[in-house]
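Step one of this worksheet: look at the structure below.
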Amino acid sequence: MDCEKILTKIQSFIQERVTKAKAKGVILGLSGGIDSALVATLCKRALKDEVFALLMPTKHSNKANLKDSLRLCESLNLKYKIINIEAILQAFLKESEMLDKIRTGNYAARIRMSLLYDYSAFKNYLVVGTSNKSELMLGYSTIYGDLACAFNPIGGLYKSEIYTLAKYLNLDANFLQKAPSADLWENQSDEEDLGFSYALIDEGLRALEKNDTLRISKLNPCLISMLQQRIKQNAFKREMPPILCLDEFL
């Protein structure tokens, strides 16, 4: 990775998207994870003062993540607001039936995005995405939740490349060392959910993307099967909703 060239490209991209939209700046949700921490850092470098962060914990959120997010805001001199979304979440959950942890997590992700878009309208800031390429390819995210954004500066980087760029920028060791987690429920772990480490997942995704049959044949068949199934099953998350064309009948 040529980190310096990647940084220059990303910063220009952020500036261009904000300018094109005639927005004042960007807003993002800070979860305490490495992806949003990296995006906040990149946006601060690109836009200086016009970056705003929302920190939106629930009662199940890891308190260490909130502390790490606050520490990042202070180190970057980032404007932020803490909104505890537990009461909002409970109001939604009360109206649902036979809930499971995935649907509860999806509720939390969509509540957070609703707040981000409300503050986006209030401040004339664009919502910036924080999903990496690995998550996008697998559909490992909530549609109209953390997938929603005006633009995404890190969607072209695999999770393993996120770590490389974060190290290059000297992000706090806490972000580099903690286990990847969307923090949607207590003790949730991305790699446990997926069944493989991101290092192996990214190796498999690269092989599939390049159609490298030799490399694919050397990888765990269960890994490849899981990746292929998720890529196919969640393809709809990477596309705009189709609109039926009826011009021939009108």
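The chains in the structure tokens are called A, B, ... from first to last as shown; in each chain the residues are counted from 1, and the ligands are counted from 1 in the order shown.
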
> Which parts of range 79-191 of chain A does DSSP call helix (DSSP H, G or I) when run on the backbone here, written out as a ChimeraX atom specification?
Replying inline: /A:86-94,101-123,133-138,159-168,173-177,190-191

>> Taking 2 positions as the minimum chain separation for residues in the same chain, which residues sit within 6 Å of range 82-91 of chain A when counting only C-alpha atoms? Answer as an MDAnalysis selection string.
In response: chainID A and resid 54:58 93:94

Serialized selection, all heavy atoms, as a CSV table (one decimal), in the first residue's frame:
```csv
chain,number,residue,atom,x,y,z
A,54,LEU,N,-21.4,12.2,16.2
A,54,LEU,CA,-22.4,11.8,17.2
A,54,LEU,C,-22.0,10.5,17.8
A,54,LEU,O,-21.6,9.6,17.1
A,54,LEU,CB,-23.8,11.6,16.5
A,54,LEU,CG,-24.6,12.8,16.1
A,54,LEU,CD1,-26.0,12.4,15.6
A,54,LEU,CD2,-24.7,13.8,17.2
A,55,LEU,N,-22.0,10.4,19.1
A,55,LEU,CA,-21.7,9.2,19.9
A,55,LEU,C,-23.0,8.7,20.5
A,55,LEU,O,-23.7,9.4,21.3
A,55,LEU,CB,-20.7,9.5,21.0
A,55,LEU,CG,-19.3,9.8,20.6
A,55,LEU,CD1,-19.1,11.1,19.7
A,55,LEU,CD2,-18.4,10.0,21.9
A,56,MET,N,-23.5,7.5,20.1
A,56,MET,CA,-24.9,7.1,20.4
A,56,MET,C,-24.9,5.7,21.0
A,56,MET,O,-25.3,4.8,20.4
A,56,MET,CB,-25.7,7.1,19.1
A,56,MET,CG,-25.8,8.5,18.4
A,56,MET,SD,-26.5,8.5,16.8
A,56,MET,CE,-25.0,8.0,15.8
A,57,PRO,N,-24.6,5.7,22.3
A,57,PRO,CA,-24.6,4.4,23.0
A,57,PRO,C,-25.9,3.9,23.4
A,57,PRO,O,-26.9,4.7,23.5
A,57,PRO,CB,-23.7,4.7,24.2
A,57,PRO,CG,-23.9,6.1,24.5
A,57,PRO,CD,-24.1,6.8,23.2
A,58,THR,N,-26.1,2.6,23.7
A,58,THR,CA,-27.2,2.0,24.3
A,58,THR,C,-26.7,1.5,25.7
A,58,THR,O,-25.5,1.5,26.0
A,58,THR,CB,-27.8,0.9,23.5
A,58,THR,OG1,-26.9,-0.2,23.5
A,58,THR,CG2,-28.1,1.3,22.1
A,93,LEU,N,-38.7,-1.3,20.4
A,93,LEU,CA,-38.8,-2.7,20.7
A,93,LEU,C,-40.1,-3.1,21.3
A,93,LEU,O,-40.6,-4.2,21.2
A,93,LEU,CB,-37.7,-3.0,21.7
A,93,LEU,CG,-36.2,-2.8,21.3
A,93,LEU,CD1,-35.2,-3.3,22.4
A,93,LEU,CD2,-36.0,-3.6,20.0
A,94,LYS,N,-40.8,-2.1,22.0
A,94,LYS,CA,-42.1,-2.4,22.6
A,94,LYS,C,-43.1,-2.7,21.6
A,94,LYS,O,-44.1,-3.4,21.9
A,94,LYS,CB,-42.5,-1.1,23.5
A,94,LYS,CG,-43.7,-1.4,24.4
A,94,LYS,CD,-43.9,-0.2,25.3
A,94,LYS,CE,-44.4,1.0,24.6
A,94,LYS,NZ,-44.8,2.1,25.6
```

> Counting only C-alpha atoms, what is within 9 Å of Glu135 in chain A, bar same-chain residues fewer than 3 positions away, as a list in words?
Replying inline: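 The neighbour list is Ser131, Asn132, Leu138, Gly139, Tyr140, Ser141, Gly155, Tyr158 and Lys159 of chain A.
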
Could you give me, as a Markdown table, every range 13-53 of chain A residue with an atom at most 12 Å from range 102-119 of chain A, plus its closest atom pair and distance in Å to one decimal, counting only C-alpha atoms, rows ordered by chain then number?
```
| residue | atom | partner | partner_atom | distance |
| --- | --- | --- | --- | --- |
| A:Gly25 | CA | A:Tyr119 | CA | 11.7 |
| A:Val26 | CA | A:Tyr119 | CA | 10.2 |
| A:Ile27 | CA | A:Leu116 | CA | 7.0 |
| A:Leu28 | CA | A:Leu116 | CA | 6.9 |
| A:Gly29 | CA | A:Leu116 | CA | 7.1 |
| A:Leu30 | CA | A:Arg112 | CA | 10.2 |
| A:Ser31 | CA | A:Arg112 | CA | 10.3 |
| A:Val51 | CA | A:Tyr119 | CA | 11.9 |
| A:Phe52 | CA | A:Tyr119 | CA | 9.3 |
| A:Ala53 | CA | A:Leu116 | CA | 8.8 |
```

Please save N, CA and C atoms of the selected residues as an mmCIF file, in the first residue's frame.
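Result written to result_2.cif:
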```cif
data_model
loop_
_atom_site.group_PDB
_atom_site.id
_atom_site.type_symbol
_atom_site.label_atom_id
_atom_site.label_comp_id
_atom_site.auth_asym_id
_atom_site.auth_seq_id
_atom_site.Cartn_x
_atom_site.Cartn_y
_atom_site.Cartn_z
ATOM 1 N N GLY A 25 -19.886 20.761 5.684
ATOM 2 C CA GLY A 25 -18.920 19.818 6.219
ATOM 3 C C GLY A 25 -19.514 18.423 6.251
ATOM 4 N N VAL A 26 -19.057 17.597 7.207
ATOM 5 C CA VAL A 26 -19.526 16.220 7.299
ATOM 6 C C VAL A 26 -19.884 15.869 8.736
ATOM 7 N N ILE A 27 -20.754 14.864 8.857
ATOM 8 C CA ILE A 27 -21.136 14.327 10.157
ATOM 9 C C ILE A 27 -21.001 12.811 10.096
ATOM 10 N N LEU A 28 -20.563 12.212 11.192
ATOM 11 C CA LEU A 28 -20.435 10.758 11.240
ATOM 12 C C LEU A 28 -20.766 10.246 12.629
ATOM 13 N N GLY A 29 -21.098 8.958 12.683
ATOM 14 C CA GLY A 29 -21.286 8.302 13.967
ATOM 15 C C GLY A 29 -19.982 7.685 14.419
ATOM 16 N N LEU A 30 -19.568 8.005 15.631
ATOM 17 C CA LEU A 30 -18.344 7.438 16.198
ATOM 18 C C LEU A 30 -18.715 6.293 17.131
ATOM 19 N N SER A 31 -18.282 5.087 16.776
ATOM 20 C CA SER A 31 -18.665 3.904 17.544
ATOM 21 C C SER A 31 -17.611 3.468 18.549
ATOM 22 N N VAL A 51 -16.242 19.191 10.846
ATOM 23 C CA VAL A 51 -16.509 17.768 11.088
ATOM 24 C C VAL A 51 -17.233 17.654 12.430
ATOM 25 N N PHE A 52 -18.342 16.905 12.433
ATOM 26 C CA PHE A 52 -19.135 16.753 13.652
ATOM 27 C C PHE A 52 -19.412 15.272 13.872
ATOM 28 N N ALA A 53 -19.314 14.836 15.111
ATOM 29 C CA ALA A 53 -19.513 13.419 15.436
ATOM 30 C C ALA A 53 -20.652 13.247 16.432
#
```

>> Can you pull out every residue from range 15-245 of chain A that DSSP, working from the backbone, puts in strand (DSSP E), and format the result as a list in words?
In response: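 So, restricting range 15-245 of chain A to strand (DSSP E), we get Gly25, Val26, Ile27, Leu28, Gly29, Val51, Phe52, Ala53, Leu54, Leu55, Lys79, Tyr80, Lys81, Ile82, Tyr125, Leu126 and Val127 of chain A.
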
Next, the residues of the selection above should be written as a compact mmCIF listing (two decimals), in the first residue's frame with N, CA and C atoms.
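The resulting selection16.txt:
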```txt
# COMPACT_ATOMS: atom_id res chain seq x y z
N GLY A 25 -19.89 20.76 5.68
CA GLY A 25 -18.92 19.82 6.22
C GLY A 25 -19.51 18.42 6.25
N VAL A 26 -19.06 17.60 7.21
CA VAL A 26 -19.53 16.22 7.30
C VAL A 26 -19.88 15.87 8.74
N ILE A 27 -20.75 14.86 8.86
CA ILE A 27 -21.14 14.33 10.16
C ILE A 27 -21.00 12.81 10.10
N LEU A 28 -20.56 12.21 11.19
CA LEU A 28 -20.44 10.76 11.24
C LEU A 28 -20.77 10.25 12.63
N GLY A 29 -21.10 8.96 12.68
CA GLY A 29 -21.29 8.30 13.97
C GLY A 29 -19.98 7.69 14.42
N VAL A 51 -16.24 19.19 10.85
CA VAL A 51 -16.51 17.77 11.09
C VAL A 51 -17.23 17.65 12.43
N PHE A 52 -18.34 16.90 12.43
CA PHE A 52 -19.14 16.75 13.65
C PHE A 52 -19.41 15.27 13.87
N ALA A 53 -19.31 14.84 15.11
CA ALA A 53 -19.51 13.42 15.44
C ALA A 53 -20.65 13.25 16.43
N LEU A 54 -21.45 12.21 16.20
CA LEU A 54 -22.45 11.80 17.19
C LEU A 54 -21.98 10.49 17.82
N LEU A 55 -22.05 10.43 19.15
CA LEU A 55 -21.72 9.23 19.90
C LEU A 55 -23.04 8.74 20.49
N LYS A 79 -15.69 18.46 17.16
CA LYS A 79 -16.98 18.80 17.76
C LYS A 79 -17.84 17.54 17.81
N TYR A 80 -18.55 17.35 18.94
CA TYR A 80 -19.32 16.12 19.07
C TYR A 80 -20.50 16.32 20.01
N LYS A 81 -21.40 15.32 19.99
CA LYS A 81 -22.54 15.30 20.91
C LYS A 81 -22.80 13.84 21.28
N ILE A 82 -23.07 13.59 22.57
CA ILE A 82 -23.43 12.25 23.03
C ILE A 82 -24.95 12.17 23.15
N TYR A 125 -24.61 19.40 6.80
CA TYR A 125 -23.43 18.54 6.72
C TYR A 125 -23.82 17.24 6.01
N LEU A 126 -22.91 16.65 5.27
CA LEU A 126 -23.15 15.36 4.64
C LEU A 126 -22.83 14.22 5.61
N VAL A 127 -23.66 13.18 5.59
CA VAL A 127 -23.37 11.99 6.37
C VAL A 127 -22.29 11.19 5.65
```

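Between CA of Ile6 in chain A and CA of Ser197 in chain A there is a distance of 24.6 Å.
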
>> Please list as a ChimeraX atom specification every residue within 12 Å of Glu161 in chain A, counting only C-alpha atoms and excluding residues in the same chain fewer than 4 positions away.
In response: /A:1-3,6,34-35,38,132-134,154-157,165-168,176,198-199,202-203,206

> So which residues touch Leu42 in chain A within 9 Å, counting only C-alpha atoms, skipping near sequence neighbours fewer than 2 positions away, as a ChimeraX atom specification?
Replying inline: /A:7,10-11,14,37-40,44-47,153

Atoms to include: all heavy atoms. Write the selected residues as a compact mmCIF listing (two decimals), in the first residue's frame.
```
# COMPACT_ATOMS: atom_id res chain seq x y z
N LEU A 7 -3.91 8.48 1.09
CA LEU A 7 -4.37 9.59 1.93
C LEU A 7 -4.71 10.82 1.09
O LEU A 7 -5.75 11.46 1.29
CB LEU A 7 -3.31 9.94 2.96
CG LEU A 7 -3.17 9.01 4.16
CD1 LEU A 7 -1.98 9.41 5.01
CD2 LEU A 7 -4.44 9.00 4.99
N ILE A 10 -7.96 10.15 -0.81
CA ILE A 10 -9.14 10.16 0.07
C ILE A 10 -9.48 11.59 0.49
O ILE A 10 -10.65 11.99 0.48
CB ILE A 10 -8.91 9.27 1.30
CG1 ILE A 10 -8.91 7.79 0.90
CG2 ILE A 10 -10.00 9.53 2.36
CD1 ILE A 10 -8.60 6.83 2.04
N GLN A 11 -8.48 12.36 0.87
CA GLN A 11 -8.73 13.72 1.31
C GLN A 11 -9.32 14.57 0.19
O GLN A 11 -10.25 15.36 0.41
CB GLN A 11 -7.44 14.34 1.85
CG GLN A 11 -7.04 13.77 3.20
CD GLN A 11 -5.65 14.17 3.67
OE1 GLN A 11 -5.04 13.50 4.49
NE2 GLN A 11 -5.14 15.27 3.16
N ILE A 14 -13.02 13.55 -0.23
CA ILE A 14 -13.87 14.15 0.81
C ILE A 14 -14.16 15.61 0.48
O ILE A 14 -15.32 16.07 0.53
CB ILE A 14 -13.20 14.04 2.20
CG1 ILE A 14 -13.12 12.56 2.63
CG2 ILE A 14 -13.97 14.85 3.24
CD1 ILE A 14 -12.24 12.33 3.85
N ALA A 37 -13.15 5.63 13.59
CA ALA A 37 -12.02 6.43 14.07
C ALA A 37 -11.15 6.89 12.91
O ALA A 37 -10.69 8.04 12.87
CB ALA A 37 -11.20 5.62 15.06
N LEU A 38 -10.92 5.98 11.96
CA LEU A 38 -10.11 6.34 10.79
C LEU A 38 -10.82 7.38 9.94
O LEU A 38 -10.20 8.36 9.51
CB LEU A 38 -9.82 5.08 9.96
CG LEU A 38 -9.03 5.31 8.67
CD1 LEU A 38 -7.65 5.91 8.97
CD2 LEU A 38 -8.89 4.00 7.88
N VAL A 39 -12.13 7.20 9.72
CA VAL A 39 -12.88 8.16 8.91
C VAL A 39 -12.87 9.54 9.57
O VAL A 39 -12.70 10.56 8.90
CB VAL A 39 -14.32 7.67 8.67
CG1 VAL A 39 -15.17 8.77 8.02
CG2 VAL A 39 -14.33 6.43 7.78
N ALA A 40 -13.06 9.59 10.88
CA ALA A 40 -13.02 10.87 11.59
C ALA A 40 -11.68 11.55 11.40
O ALA A 40 -11.60 12.77 11.16
CB ALA A 40 -13.29 10.65 13.08
N LYS A 44 -11.10 15.05 9.38
CA LYS A 44 -10.47 16.17 10.07
C LYS A 44 -9.28 16.70 9.27
O LYS A 44 -9.10 17.91 9.14
CB LYS A 44 -10.02 15.72 11.47
CG LYS A 44 -9.39 16.84 12.31
CD LYS A 44 -10.41 17.89 12.68
CE LYS A 44 -9.79 18.97 13.58
NZ LYS A 44 -10.77 19.99 13.99
N ARG A 45 -8.50 15.81 8.71
CA ARG A 45 -7.36 16.21 7.88
C ARG A 45 -7.82 16.95 6.63
O ARG A 45 -7.18 17.90 6.18
CB ARG A 45 -6.54 14.98 7.48
CG ARG A 45 -5.70 14.38 8.60
CD ARG A 45 -5.15 13.03 8.20
NE ARG A 45 -4.26 13.11 7.06
CZ ARG A 45 -2.92 13.10 7.13
NH1 ARG A 45 -2.34 13.01 8.31
NH2 ARG A 45 -2.17 13.18 6.04
N ALA A 46 -8.95 16.52 6.08
CA ALA A 46 -9.43 17.09 4.82
C ALA A 46 -10.19 18.40 5.01
O ALA A 46 -10.09 19.31 4.19
CB ALA A 46 -10.33 16.09 4.10
N LEU A 47 -10.94 18.51 6.12
CA LEU A 47 -11.87 19.62 6.28
C LEU A 47 -11.58 20.52 7.47
O LEU A 47 -12.28 21.51 7.68
CB LEU A 47 -13.30 19.08 6.40
CG LEU A 47 -13.79 18.23 5.22
CD1 LEU A 47 -15.15 17.62 5.55
CD2 LEU A 47 -13.87 19.04 3.94
N PRO A 153 -15.60 7.26 2.12
CA PRO A 153 -14.19 7.39 1.73
C PRO A 153 -13.34 6.15 1.96
O PRO A 153 -12.21 6.09 1.49
CB PRO A 153 -13.70 8.55 2.62
CG PRO A 153 -14.55 8.45 3.85
CD PRO A 153 -15.89 7.95 3.39
```

>> For a quick check of understanding, using only C-alpha atoms, which of A:Pro180, A:Gly195, A:Gly204, A:Gly32 has the smallest distance to Ile231 in chain A?
In response: A:Gly204

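Across A:Asp193, A:Glu50, A:Asp68, A:Asp247, the tightest approach to Ser36 in chain A is made by A:Asp68 when counting only C-alpha atoms.
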
> Using only C-alpha atoms, which residues sit within 7 Å of Asp190 in chain A once same-chain residues fewer than 4 positions away are excluded, as a VMD selection string?
Replying inline: chain A and resid 180 to 182 194

Written file, previous selection with C-alpha atoms, as a CSV table (one decimal), in the first residue's frame:
```csv
chain,number,residue,atom,x,y,z
A,180,PRO,CA,-13.7,-5.8,15.6
A,181,SER,CA,-17.3,-5.3,16.7
A,182,ALA,CA,-20.3,-3.4,15.6
A,194,LEU,CA,-18.5,-14.5,10.5
```

>> Considering only C-alpha atoms, can you say which of A:Ile201, A:Met240, A:Val128, A:Leu66 comes closest to Asn220 in chain A?
In response: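 Closest to Asn220 in chain A, using only C-alpha atoms: A:Ile201.
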
> Leaving out Ala235 in chain A and any residue of its chain fewer than 2 positions from it, which residues lie within 10 Å of it when counting only C-alpha atoms, given as a VMD selection string?
Replying inline: chain A and resid 136 to 139 229 to 233 237 to 239
